[in-house]
Amino acid sequence: MPELPEVQSMIDNLIEENCLNKQITNIETIMPKLFKNCDFDQFKKHLMNEKITNITRNGKYLVFHLTHNKVFVVHLRMEGKLFFEKNDSPYDKKHTLVFIEMGDEVLRYHDTRRFGTFTIYSEDDYLDSKEIKKLALDPLQEEYDWKYLKNNLSKSSRVIKTSLLDQTNVAGIGNIYADEILFASKIHPTKIANELSDKEFKDIAKNSTLILKKAVENKGTTISTYFYKKEKKGEFQNFLKVHTKKGFPCPGCKAEIIKIKVNGRGTYLCPRCQKM
DNA sequence: ACAATATCCTGCGAGC
DNA sequence: TGCTCGCAGGATATTG
């Protein structure tokens with residue numbers, strides 16, 4: 001599931017593959033329902049003959065900046081992936097849902113679960129859109145620190161893992177990295193957020209930045225289907241300490257890693273290192 | 001106002 | 001073997 005490091009790795013790859021500044025010559029889809037604030041014809045009209053001038057990120061959203069002050073925003077949700085390829089290269093016919101053609105090349109959107117979203121805005125108003133406006137800072141932003149985190153999380157009587165997944169408290173963290181951050185901070189995922197000490201907020205702030213940074217350097221985590229580029233897996237799964245490690249020994253204390261449910265989400269932890 | 005739950009969707013693995 | 005069933009999960013809508 002793409003979280004901040006996976007989204008960033010995909011953006012980095014698209015730019016590296018030279019998808020910027022090429023005229024869009026055609027757009028096709030087999031899934032018009034992906035387009036959320038417009039119908040497909042409007043989306044097509046919005047992009048046609050423009051160029052992508054830059055790709056930026058807000059939380060887990062990809063922002064494609066176009067010529068003529070236009071923008072489109074993509075969220076990959078569970079399984080979305082973007083590949084920039086030659087038009088005549090082979091592709092998965094069943095799960096490739098959107099084609100943004102640029103001459104003999106094409107930006108393809110692949111999504112087996114069809115959960116992703118596409119929206120269109122102008123450059124001037126996308127930051128005020130309802131999905132991006134409410135995003136908190138992410139752990140890689142300069143202004144992010146433990147006081148900011150404490151201020152956002154300590155308002156909540158929910159359990160800390162649920163609060164960490166709430167993009168209005170801190171952006172970019174999903175189920176994998178929430179487990180890893182809480183393990184590194186030695187905090188039980190079901191501890192009530194507003195009962196954490198200053199030291200615990202400091203630890204979460206520090207570890208979230210460290211872990212996401214290292215995950216970006218390793219091009220994300222491939223557990224099952226994530227690729228930052230065609231057939232290219234991330235490497236951060238090799239550094240996971242608890243997530244997916246049920247039954248394995250804790251790298252710290254050798255106790256057995258367990259899996260529990262926290263608000264419906266599969267959650268991995270070391271019961272000895274992460275005490276209530 | 002907040003928090004828990006249902007919803008979207010498909011592939012996959014468990015179990016009979 | 002082949003079927004059904006339930007699970008996985010990010011964000012949003014709905015319900016409590």
# chains A, B, ... in the order shown; residues from 1 in each chain; ligands from 1
>>> interface_residues(of="chain A", to="chain B", cutoff="12 Å", atoms="only C-alpha atoms (C1' of nucleotides)", output="ChimeraX atom specification")
/A:33-34,77-79,94-95,111-117,155-159,162-163,224-225,262-264
>>> interface_residues(of="chain C", to="chain A", cutoff="12 Å", atoms="only C-alpha atoms (C1' of nucleotides)", output="PyMOL selection string")
chain C and resi 7-12
>>> select_by_dssp(residues="region 32-266 of chain A", states="strand (DSSP E)", output="CSV table (one decimal) with N, CA, C and O atoms, in the first residue's frame")
chain,number,residue,atom,x,y,z
A,52,ILE,N,3.1,18.2,-18.6
A,52,ILE,CA,3.3,18.1,-17.2
A,52,ILE,C,4.6,18.8,-16.9
A,52,ILE,O,5.7,18.4,-17.4
A,53,THR,N,4.6,19.9,-16.1
A,53,THR,CA,5.8,20.7,-15.9
A,53,THR,C,6.5,20.3,-14.6
A,53,THR,O,7.7,20.5,-14.5
A,54,ASN,N,5.8,19.6,-13.7
A,54,ASN,CA,6.4,19.2,-12.4
A,54,ASN,C,5.4,18.2,-11.7
A,54,ASN,O,4.2,18.2,-12.0
A,55,ILE,N,6.0,17.4,-10.8
A,55,ILE,CA,5.2,16.5,-10.0
A,55,ILE,C,5.6,16.7,-8.6
A,55,ILE,O,6.8,16.6,-8.3
A,56,THR,N,4.7,17.1,-7.7
A,56,THR,CA,5.0,17.3,-6.3
A,56,THR,C,4.1,16.4,-5.5
A,56,THR,O,3.2,15.7,-6.0
A,57,ARG,N,4.3,16.4,-4.2
A,57,ARG,CA,3.6,15.5,-3.3
A,57,ARG,C,3.0,16.3,-2.1
A,57,ARG,O,3.7,17.2,-1.5
A,58,ASN,N,1.8,16.0,-1.7
A,58,ASN,CA,1.2,16.5,-0.5
A,58,ASN,C,0.7,15.3,0.3
A,58,ASN,O,-0.3,14.6,-0.2
A,61,TYR,N,-0.7,12.3,-1.7
A,61,TYR,CA,-1.3,12.7,-2.9
A,61,TYR,C,-0.1,13.1,-3.9
A,61,TYR,O,0.8,13.8,-3.5
A,62,LEU,N,-0.3,12.7,-5.2
A,62,LEU,CA,0.6,13.2,-6.2
A,62,LEU,C,0.0,14.3,-6.9
A,62,LEU,O,-1.2,14.2,-7.3
A,63,VAL,N,0.7,15.4,-7.1
A,63,VAL,CA,0.2,16.6,-7.7
A,63,VAL,C,0.9,16.8,-9.0
A,63,VAL,O,2.1,17.0,-9.0
A,64,PHE,N,0.2,16.7,-10.1
A,64,PHE,CA,0.8,16.9,-11.5
A,64,PHE,C,0.5,18.3,-11.9
A,64,PHE,O,-0.7,18.7,-12.1
A,65,HIS,N,1.6,19.1,-12.0
A,65,HIS,CA,1.4,20.5,-12.4
A,65,HIS,C,1.5,20.6,-14.0
A,65,HIS,O,2.4,20.0,-14.6
A,66,LEU,N,0.5,21.3,-14.6
A,66,LEU,CA,0.4,21.3,-16.0
A,66,LEU,C,0.6,22.8,-16.5
A,66,LEU,O,0.6,23.7,-15.7
A,70,LYS,N,-2.8,24.7,-14.7
A,70,LYS,CA,-3.7,23.6,-14.4
A,70,LYS,C,-3.0,22.6,-13.6
A,70,LYS,O,-1.7,22.5,-13.6
A,71,VAL,N,-3.8,21.8,-12.9
A,71,VAL,CA,-3.2,20.7,-12.0
A,71,VAL,C,-4.1,19.5,-12.0
A,71,VAL,O,-5.3,19.7,-12.2
A,72,PHE,N,-3.6,18.3,-12.0
A,72,PHE,CA,-4.4,17.2,-11.6
A,72,PHE,C,-3.8,16.4,-10.5
A,72,PHE,O,-2.5,16.4,-10.3
A,73,VAL,N,-4.6,15.8,-9.6
A,73,VAL,CA,-4.2,15.2,-8.4
A,73,VAL,C,-4.6,13.7,-8.4
A,73,VAL,O,-5.7,13.4,-8.8
A,74,VAL,N,-3.6,12.9,-8.0
A,74,VAL,CA,-3.9,11.4,-8.0
A,74,VAL,C,-3.6,10.9,-6.6
A,74,VAL,O,-2.6,11.3,-5.9
A,75,HIS,N,-4.5,10.0,-6.1
A,75,HIS,CA,-4.3,9.3,-4.9
A,75,HIS,C,-4.3,7.8,-5.3
A,75,HIS,O,-5.2,7.3,-5.9
A,81,LYS,N,-0.5,2.5,-9.2
A,81,LYS,CA,0.9,2.6,-9.7
A,81,LYS,C,0.9,3.4,-11.0
A,81,LYS,O,0.0,3.3,-11.8
A,82,LEU,N,1.9,4.2,-11.2
A,82,LEU,CA,2.1,5.0,-12.4
A,82,LEU,C,3.4,4.6,-13.1
A,82,LEU,O,4.4,4.5,-12.4
A,83,PHE,N,3.3,4.3,-14.4
A,83,PHE,CA,4.5,3.9,-15.1
A,83,PHE,C,4.5,4.8,-16.4
A,83,PHE,O,3.5,5.0,-17.0
A,84,PHE,N,5.7,5.3,-16.7
A,84,PHE,CA,5.9,6.1,-17.9
A,84,PHE,C,6.7,5.2,-18.9
A,84,PHE,O,7.8,4.8,-18.6
A,85,GLU,N,6.1,4.9,-20.0
A,85,GLU,CA,6.6,3.8,-20.9
A,85,GLU,C,6.4,4.2,-22.4
A,85,GLU,O,5.7,5.1,-22.7
A,86,LYS,N,7.1,3.4,-23.2
A,86,LYS,CA,6.8,3.5,-24.6
A,86,LYS,C,5.4,3.0,-24.9
A,86,LYS,O,4.9,2.1,-24.3
A,96,THR,N,-4.8,-2.0,-16.2
A,96,THR,CA,-4.3,-0.6,-16.5
A,96,THR,C,-5.6,0.2,-16.9
A,96,THR,O,-6.3,-0.1,-17.9
A,97,LEU,N,-5.8,1.2,-16.1
A,97,LEU,CA,-7.1,1.9,-16.1
A,97,LEU,C,-7.1,3.3,-16.9
A,97,LEU,O,-8.1,3.7,-17.4
A,98,VAL,N,-5.9,3.9,-16.8
A,98,VAL,CA,-5.8,5.3,-17.5
A,98,VAL,C,-4.6,5.3,-18.3
A,98,VAL,O,-3.5,4.8,-17.9
A,99,PHE,N,-4.7,6.0,-19.5
A,99,PHE,CA,-3.6,6.1,-20.4
A,99,PHE,C,-3.4,7.6,-20.7
A,99,PHE,O,-4.4,8.2,-21.3
A,100,ILE,N,-2.3,8.2,-20.3
A,100,ILE,CA,-2.1,9.6,-20.7
A,100,ILE,C,-1.0,9.6,-21.7
A,100,ILE,O,0.2,9.5,-21.4
A,101,GLU,N,-1.3,9.7,-23.0
A,101,GLU,CA,-0.4,9.6,-24.1
A,101,GLU,C,0.4,10.8,-24.4
A,101,GLU,O,-0.2,11.9,-24.4
A,102,MET,N,1.7,10.7,-24.6
A,102,MET,CA,2.5,11.8,-25.1
A,102,MET,C,3.3,11.4,-26.2
A,102,MET,O,4.4,10.8,-26.0
A,105,GLU,N,5.1,7.9,-26.2
A,105,GLU,CA,5.2,7.5,-24.8
A,105,GLU,C,3.9,7.6,-24.1
A,105,GLU,O,3.0,8.3,-24.6
A,106,VAL,N,3.7,7.0,-23.0
A,106,VAL,CA,2.5,7.0,-22.3
A,106,VAL,C,2.6,6.9,-20.8
A,106,VAL,O,3.4,6.0,-20.3
A,107,LEU,N,1.9,7.7,-20.0
A,107,LEU,CA,1.8,7.5,-18.6
A,107,LEU,C,0.6,6.6,-18.3
A,107,LEU,O,-0.5,7.0,-18.6
A,108,ARG,N,0.9,5.4,-17.8
A,108,ARG,CA,-0.2,4.4,-17.5
A,108,ARG,C,-0.5,4.3,-16.0
A,108,ARG,O,0.5,4.2,-15.2
A,109,TYR,N,-1.8,4.3,-15.7
A,109,TYR,CA,-2.2,4.1,-14.3
A,109,TYR,C,-2.7,2.7,-14.1
A,109,TYR,O,-3.7,2.3,-14.8
A,110,HIS,N,-2.1,2.0,-13.2
A,110,HIS,CA,-2.4,0.6,-13.0
A,110,HIS,C,-3.0,0.4,-11.6
A,110,HIS,O,-2.4,1.0,-10.6
A,117,THR,N,-7.9,7.6,-7.0
A,117,THR,CA,-8.8,8.7,-7.4
A,117,THR,C,-8.0,9.7,-8.2
A,117,THR,O,-6.8,9.9,-8.0
A,118,PHE,N,-8.7,10.4,-9.1
A,118,PHE,CA,-8.2,11.5,-9.9
A,118,PHE,C,-9.0,12.7,-9.7
A,118,PHE,O,-10.3,12.6,-9.8
A,119,THR,N,-8.4,13.8,-9.5
A,119,THR,CA,-9.2,15.1,-9.5
A,119,THR,C,-8.5,16.2,-10.2
A,119,THR,O,-7.2,16.1,-10.4
A,120,ILE,N,-9.2,17.2,-10.7
A,120,ILE,CA,-8.6,18.3,-11.4
A,120,ILE,C,-8.8,19.6,-10.7
A,120,ILE,O,-9.9,19.8,-10.1
A,121,TYR,N,-7.8,20.5,-10.7
A,121,TYR,CA,-7.9,21.8,-10.1
A,121,TYR,C,-7.1,22.8,-10.9
A,121,TYR,O,-6.4,22.4,-11.9
A,122,SER,N,-7.1,24.1,-10.5
A,122,SER,CA,-6.2,25.0,-11.1
A,122,SER,C,-5.0,25.2,-10.1
A,122,SER,O,-5.1,24.8,-8.9
A,258,ILE,N,3.8,-10.3,17.8
A,258,ILE,CA,2.4,-10.7,17.6
A,258,ILE,C,1.6,-9.8,16.7
A,258,ILE,O,2.1,-8.7,16.4
A,259,LYS,N,0.5,-10.3,16.2
A,259,LYS,CA,-0.4,-9.5,15.4
A,259,LYS,C,-1.8,-9.3,16.1
A,259,LYS,O,-2.3,-10.3,16.5
A,260,ILE,N,-2.2,-8.1,16.2
A,260,ILE,CA,-3.5,-7.8,16.8
A,260,ILE,C,-4.3,-6.9,15.8
A,260,ILE,O,-3.8,-6.5,14.8
A,261,LYS,N,-5.5,-6.6,16.2
A,261,LYS,CA,-6.3,-5.7,15.4
A,261,LYS,C,-6.5,-4.4,16.2
A,261,LYS,O,-6.8,-4.4,17.4
A,262,VAL,N,-6.2,-3.3,15.5
A,262,VAL,CA,-6.4,-2.0,16.1
A,262,VAL,C,-7.4,-1.2,15.2
A,262,VAL,O,-7.0,-0.9,14.1
A,265,ARG,N,-7.5,-2.6,11.8
A,265,ARG,CA,-6.3,-2.7,11.0
A,265,ARG,C,-5.3,-3.7,11.6
A,265,ARG,O,-5.1,-3.7,12.8
A,266,GLY,N,-4.8,-4.5,10.8
A,266,GLY,CA,-3.8,-5.5,11.2
A,266,GLY,C,-2.6,-4.7,11.8
A,266,GLY,O,-2.1,-3.8,11.1
>>> atom_distance(atom1="CA of Pro271 (chain A)", atom2="CA of Asp138 (chain A)")
27.9 Å
>>> select_by_dssp(residues="region 24-254 of chain A", states="alpha helix (DSSP H)", output="short mmCIF file (atom, residue, chain, number, x, y, z; two decimals) with N, CA, C and O atoms, in the first residue's frame")
data_model
loop_
_atom_site.label_atom_id
_atom_site.label_comp_id
_atom_site.auth_asym_id
_atom_site.auth_seq_id
_atom_site.Cartn_x
_atom_site.Cartn_y
_atom_site.Cartn_z
N PHE A 40 -15.05 12.05 -17.18
CA PHE A 40 -13.83 11.77 -17.94
C PHE A 40 -13.61 12.78 -19.06
O PHE A 40 -12.48 13.18 -19.33
N ASP A 41 -14.68 13.23 -19.70
CA ASP A 41 -14.54 14.21 -20.78
C ASP A 41 -13.92 15.52 -20.29
O ASP A 41 -13.07 16.10 -20.97
N GLN A 42 -14.33 15.93 -19.11
CA GLN A 42 -13.74 17.15 -18.53
C GLN A 42 -12.27 16.94 -18.20
O GLN A 42 -11.44 17.83 -18.40
N PHE A 43 -11.97 15.75 -17.68
CA PHE A 43 -10.56 15.43 -17.36
C PHE A 43 -9.72 15.49 -18.63
O PHE A 43 -8.65 16.08 -18.67
N LYS A 44 -10.25 14.89 -19.67
CA LYS A 44 -9.53 14.84 -20.95
C LYS A 44 -9.31 16.26 -21.50
O LYS A 44 -8.20 16.62 -21.91
N LYS A 45 -10.35 17.06 -21.44
CA LYS A 45 -10.25 18.44 -21.91
C LYS A 45 -9.22 19.23 -21.10
O LYS A 45 -8.48 20.05 -21.62
N HIS A 46 -9.18 18.95 -19.77
CA HIS A 46 -8.27 19.63 -18.85
C HIS A 46 -6.80 19.35 -19.21
O HIS A 46 -5.95 20.22 -19.07
N LEU A 47 -6.53 18.12 -19.66
CA LEU A 47 -5.14 17.71 -19.89
C LEU A 47 -4.69 17.86 -21.34
O LEU A 47 -3.49 18.01 -21.61
N LYS A 130 -10.64 20.10 -0.86
CA LYS A 130 -11.02 19.50 0.42
C LYS A 130 -10.08 18.38 0.83
O LYS A 130 -9.82 18.20 2.02
N GLU A 131 -9.49 17.66 -0.13
CA GLU A 131 -8.60 16.57 0.28
C GLU A 131 -7.21 17.07 0.72
O GLU A 131 -6.61 16.49 1.62
N ILE A 132 -6.71 18.12 0.11
CA ILE A 132 -5.34 18.57 0.43
C ILE A 132 -5.33 19.60 1.55
O ILE A 132 -4.42 19.64 2.37
N LYS A 133 -6.38 20.39 1.62
CA LYS A 133 -6.45 21.46 2.62
C LYS A 133 -6.30 20.92 4.04
O LYS A 133 -5.64 21.53 4.89
N TRP A 146 8.42 17.69 17.36
CA TRP A 146 7.63 16.95 18.34
C TRP A 146 6.53 17.79 18.97
O TRP A 146 5.48 17.28 19.34
N LYS A 147 6.73 19.09 19.02
CA LYS A 147 5.69 19.96 19.59
C LYS A 147 4.47 20.03 18.68
O LYS A 147 3.34 20.04 19.15
N TYR A 148 4.76 20.08 17.39
CA TYR A 148 3.66 20.05 16.41
C TYR A 148 2.88 18.74 16.54
O TYR A 148 1.65 18.72 16.58
N LEU A 149 3.64 17.65 16.64
CA LEU A 149 3.02 16.33 16.76
C LEU A 149 2.20 16.23 18.05
O LEU A 149 1.05 15.78 18.04
N LYS A 150 2.79 16.67 19.13
CA LYS A 150 2.09 16.61 20.42
C LYS A 150 0.81 17.44 20.36
O LYS A 150 -0.25 17.00 20.81
N ASN A 151 0.93 18.62 19.78
CA ASN A 151 -0.24 19.49 19.68
C ASN A 151 -1.37 18.82 18.92
O ASN A 151 -2.54 18.91 19.31
N ASN A 152 -1.04 18.10 17.84
CA ASN A 152 -2.07 17.44 17.04
C ASN A 152 -2.59 16.16 17.68
O ASN A 152 -3.78 15.87 17.61
N LEU A 153 -1.69 15.38 18.27
CA LEU A 153 -2.10 14.06 18.76
C LEU A 153 -2.72 14.12 20.15
O LEU A 153 -3.55 13.28 20.50
N ILE A 160 -3.13 5.58 19.95
CA ILE A 160 -2.08 6.29 19.22
C ILE A 160 -1.94 5.82 17.77
O ILE A 160 -1.74 6.62 16.87
N LYS A 161 -2.10 4.52 17.53
CA LYS A 161 -1.94 4.08 16.14
C LYS A 161 -3.00 4.70 15.24
O LYS A 161 -2.70 5.18 14.14
N THR A 162 -4.24 4.71 15.70
CA THR A 162 -5.31 5.32 14.92
C THR A 162 -5.03 6.80 14.67
O THR A 162 -5.23 7.30 13.56
N SER A 163 -4.52 7.49 15.68
CA SER A 163 -4.20 8.92 15.52
C SER A 163 -3.08 9.14 14.52
O SER A 163 -3.09 10.12 13.77
N LEU A 164 -2.11 8.23 14.52
CA LEU A 164 -0.99 8.36 13.56
C LEU A 164 -1.44 8.14 12.12
O LEU A 164 -0.83 8.66 11.19
N LEU A 165 -2.48 7.35 11.95
CA LEU A 165 -2.98 7.09 10.60
C LEU A 165 -3.90 8.20 10.09
O LEU A 165 -4.22 8.26 8.91
N ASN A 175 -0.30 2.05 7.29
CA ASN A 175 -0.29 0.93 8.23
C ASN A 175 1.10 0.33 8.47
O ASN A 175 1.43 -0.05 9.59
N ILE A 176 1.92 0.27 7.44
CA ILE A 176 3.26 -0.32 7.60
C ILE A 176 4.12 0.55 8.52
O ILE A 176 4.67 0.09 9.52
N TYR A 177 4.24 1.83 8.15
CA TYR A 177 5.16 2.70 8.88
C TYR A 177 4.65 3.05 10.28
O TYR A 177 5.46 3.28 11.18
N ALA A 178 3.35 3.06 10.48
CA ALA A 178 2.82 3.29 11.84
C ALA A 178 3.33 2.19 12.77
O ALA A 178 3.79 2.48 13.89
N ASP A 179 3.28 0.94 12.33
CA ASP A 179 3.78 -0.16 13.17
C ASP A 179 5.27 -0.02 13.45
O ASP A 179 5.74 -0.21 14.57
N GLU A 180 6.04 0.33 12.43
CA GLU A 180 7.49 0.45 12.58
C GLU A 180 7.87 1.63 13.49
O GLU A 180 8.79 1.53 14.30
N ILE A 181 7.15 2.74 13.33
CA ILE A 181 7.44 3.93 14.16
C ILE A 181 7.13 3.65 15.62
O ILE A 181 7.91 4.00 16.51
N LEU A 182 6.02 2.98 15.88
CA LEU A 182 5.65 2.70 17.28
C LEU A 182 6.60 1.67 17.91
O LEU A 182 6.94 1.77 19.08
N PHE A 183 7.05 0.71 17.10
CA PHE A 183 8.04 -0.24 17.63
C PHE A 183 9.34 0.48 17.99
O PHE A 183 9.90 0.31 19.08
N ALA A 184 9.82 1.30 17.06
CA ALA A 184 11.08 2.03 17.31
C ALA A 184 10.96 2.94 18.53
O ALA A 184 11.95 3.19 19.21
N ASP A 198 5.90 13.60 27.06
CA ASP A 198 6.68 14.40 26.12
C ASP A 198 7.78 13.57 25.48
O ASP A 198 8.06 13.69 24.28
N LYS A 199 8.42 12.70 26.27
CA LYS A 199 9.47 11.86 25.72
C LYS A 199 8.91 10.95 24.62
O LYS A 199 9.56 10.75 23.60
N GLU A 200 7.72 10.44 24.83
CA GLU A 200 7.13 9.57 23.81
C GLU A 200 6.79 10.34 22.54
O GLU A 200 7.00 9.83 21.43
N PHE A 201 6.29 11.56 22.67
CA PHE A 201 6.06 12.37 21.47
C PHE A 201 7.37 12.68 20.77
O PHE A 201 7.45 12.67 19.54
N LYS A 202 8.40 12.97 21.54
CA LYS A 202 9.72 13.22 20.94
C LYS A 202 10.21 12.00 20.18
O LYS A 202 10.75 12.10 19.07
N ASP A 203 10.02 10.83 20.78
CA ASP A 203 10.46 9.59 20.13
C ASP A 203 9.69 9.33 18.83
O ASP A 203 10.27 8.95 17.82
N ILE A 204 8.37 9.53 18.89
CA ILE A 204 7.58 9.32 17.67
C ILE A 204 8.00 10.30 16.58
O ILE A 204 8.17 9.93 15.42
N ALA A 205 8.20 11.56 16.96
CA ALA A 205 8.59 12.57 15.97
C ALA A 205 9.93 12.21 15.33
O ALA A 205 10.08 12.21 14.11
N LYS A 206 10.89 11.86 16.18
CA LYS A 206 12.23 11.53 15.69
C LYS A 206 12.19 10.27 14.82
O LYS A 206 12.73 10.25 13.70
N ASN A 207 11.54 9.23 15.31
CA ASN A 207 11.53 7.96 14.57
C ASN A 207 10.72 8.03 13.29
O ASN A 207 11.06 7.36 12.31
N SER A 208 9.65 8.82 13.27
CA SER A 208 8.87 8.92 12.04
C SER A 208 9.72 9.55 10.94
O SER A 208 9.71 9.09 9.79
N THR A 209 10.47 10.59 11.27
CA THR A 209 11.34 11.22 10.28
C THR A 209 12.44 10.26 9.82
O THR A 209 12.67 10.09 8.62
N LEU A 210 13.08 9.61 10.80
CA LEU A 210 14.17 8.68 10.46
C LEU A 210 13.69 7.54 9.56
O LEU A 210 14.32 7.21 8.55
N ILE A 211 12.58 6.94 9.95
CA ILE A 211 12.10 5.75 9.23
C ILE A 211 11.60 6.11 7.84
O ILE A 211 11.93 5.43 6.86
N LEU A 212 10.83 7.19 7.73
CA LEU A 212 10.33 7.55 6.39
C LEU A 212 11.49 7.96 5.47
O LEU A 212 11.49 7.64 4.28
N LYS A 213 12.46 8.64 6.03
CA LYS A 213 13.63 9.05 5.25
C LYS A 213 14.38 7.82 4.72
O LYS A 213 14.72 7.73 3.54
N LYS A 214 14.60 6.86 5.61
CA LYS A 214 15.30 5.65 5.20
C LYS A 214 14.47 4.85 4.19
O LYS A 214 15.02 4.25 3.26
N ALA A 215 13.15 4.87 4.37
CA ALA A 215 12.29 4.15 3.42
C ALA A 215 12.32 4.81 2.04
O ALA A 215 12.31 4.12 1.02
N VAL A 216 12.37 6.14 2.00
CA VAL A 216 12.49 6.83 0.71
C VAL A 216 13.82 6.46 0.05
O VAL A 216 13.88 6.15 -1.15
N GLU A 217 14.89 6.46 0.85
CA GLU A 217 16.21 6.10 0.31
C GLU A 217 16.21 4.68 -0.27
O GLU A 217 16.97 4.37 -1.19
#
>>> residues_around(residues="Glu195 (chain A)", least_positions_apart="3", cutoff="8 Å", atoms="only C-alpha atoms (C1' of nucleotides)", output="number ranges by chain")
A: 154, 191-192
>>> write_last_selection(atoms="N, CA, C and O atoms", output="tab-separated table (two decimals), in the first residue's frame")
chain	number	residue	atom	x	y	z
A	154	SER	N	-2.31	15.09	20.95
A	154	SER	CA	-2.75	15.07	22.34
A	154	SER	C	-4.18	15.57	22.50
A	154	SER	O	-4.74	15.50	23.58
A	191	LYS	N	-2.09	2.44	23.18
A	191	LYS	CA	-1.97	3.46	24.22
A	191	LYS	C	-2.79	4.69	23.79
A	191	LYS	O	-2.78	5.06	22.61
A	192	ILE	N	-3.48	5.30	24.74
A	192	ILE	CA	-4.32	6.46	24.40
A	192	ILE	C	-3.42	7.65	24.07
A	192	ILE	O	-2.50	7.99	24.81
>>> atom_distance(atom1="CA of Gln23 (chain A)", atom2="CA of Asn37 (chain A)")
23.5 Å
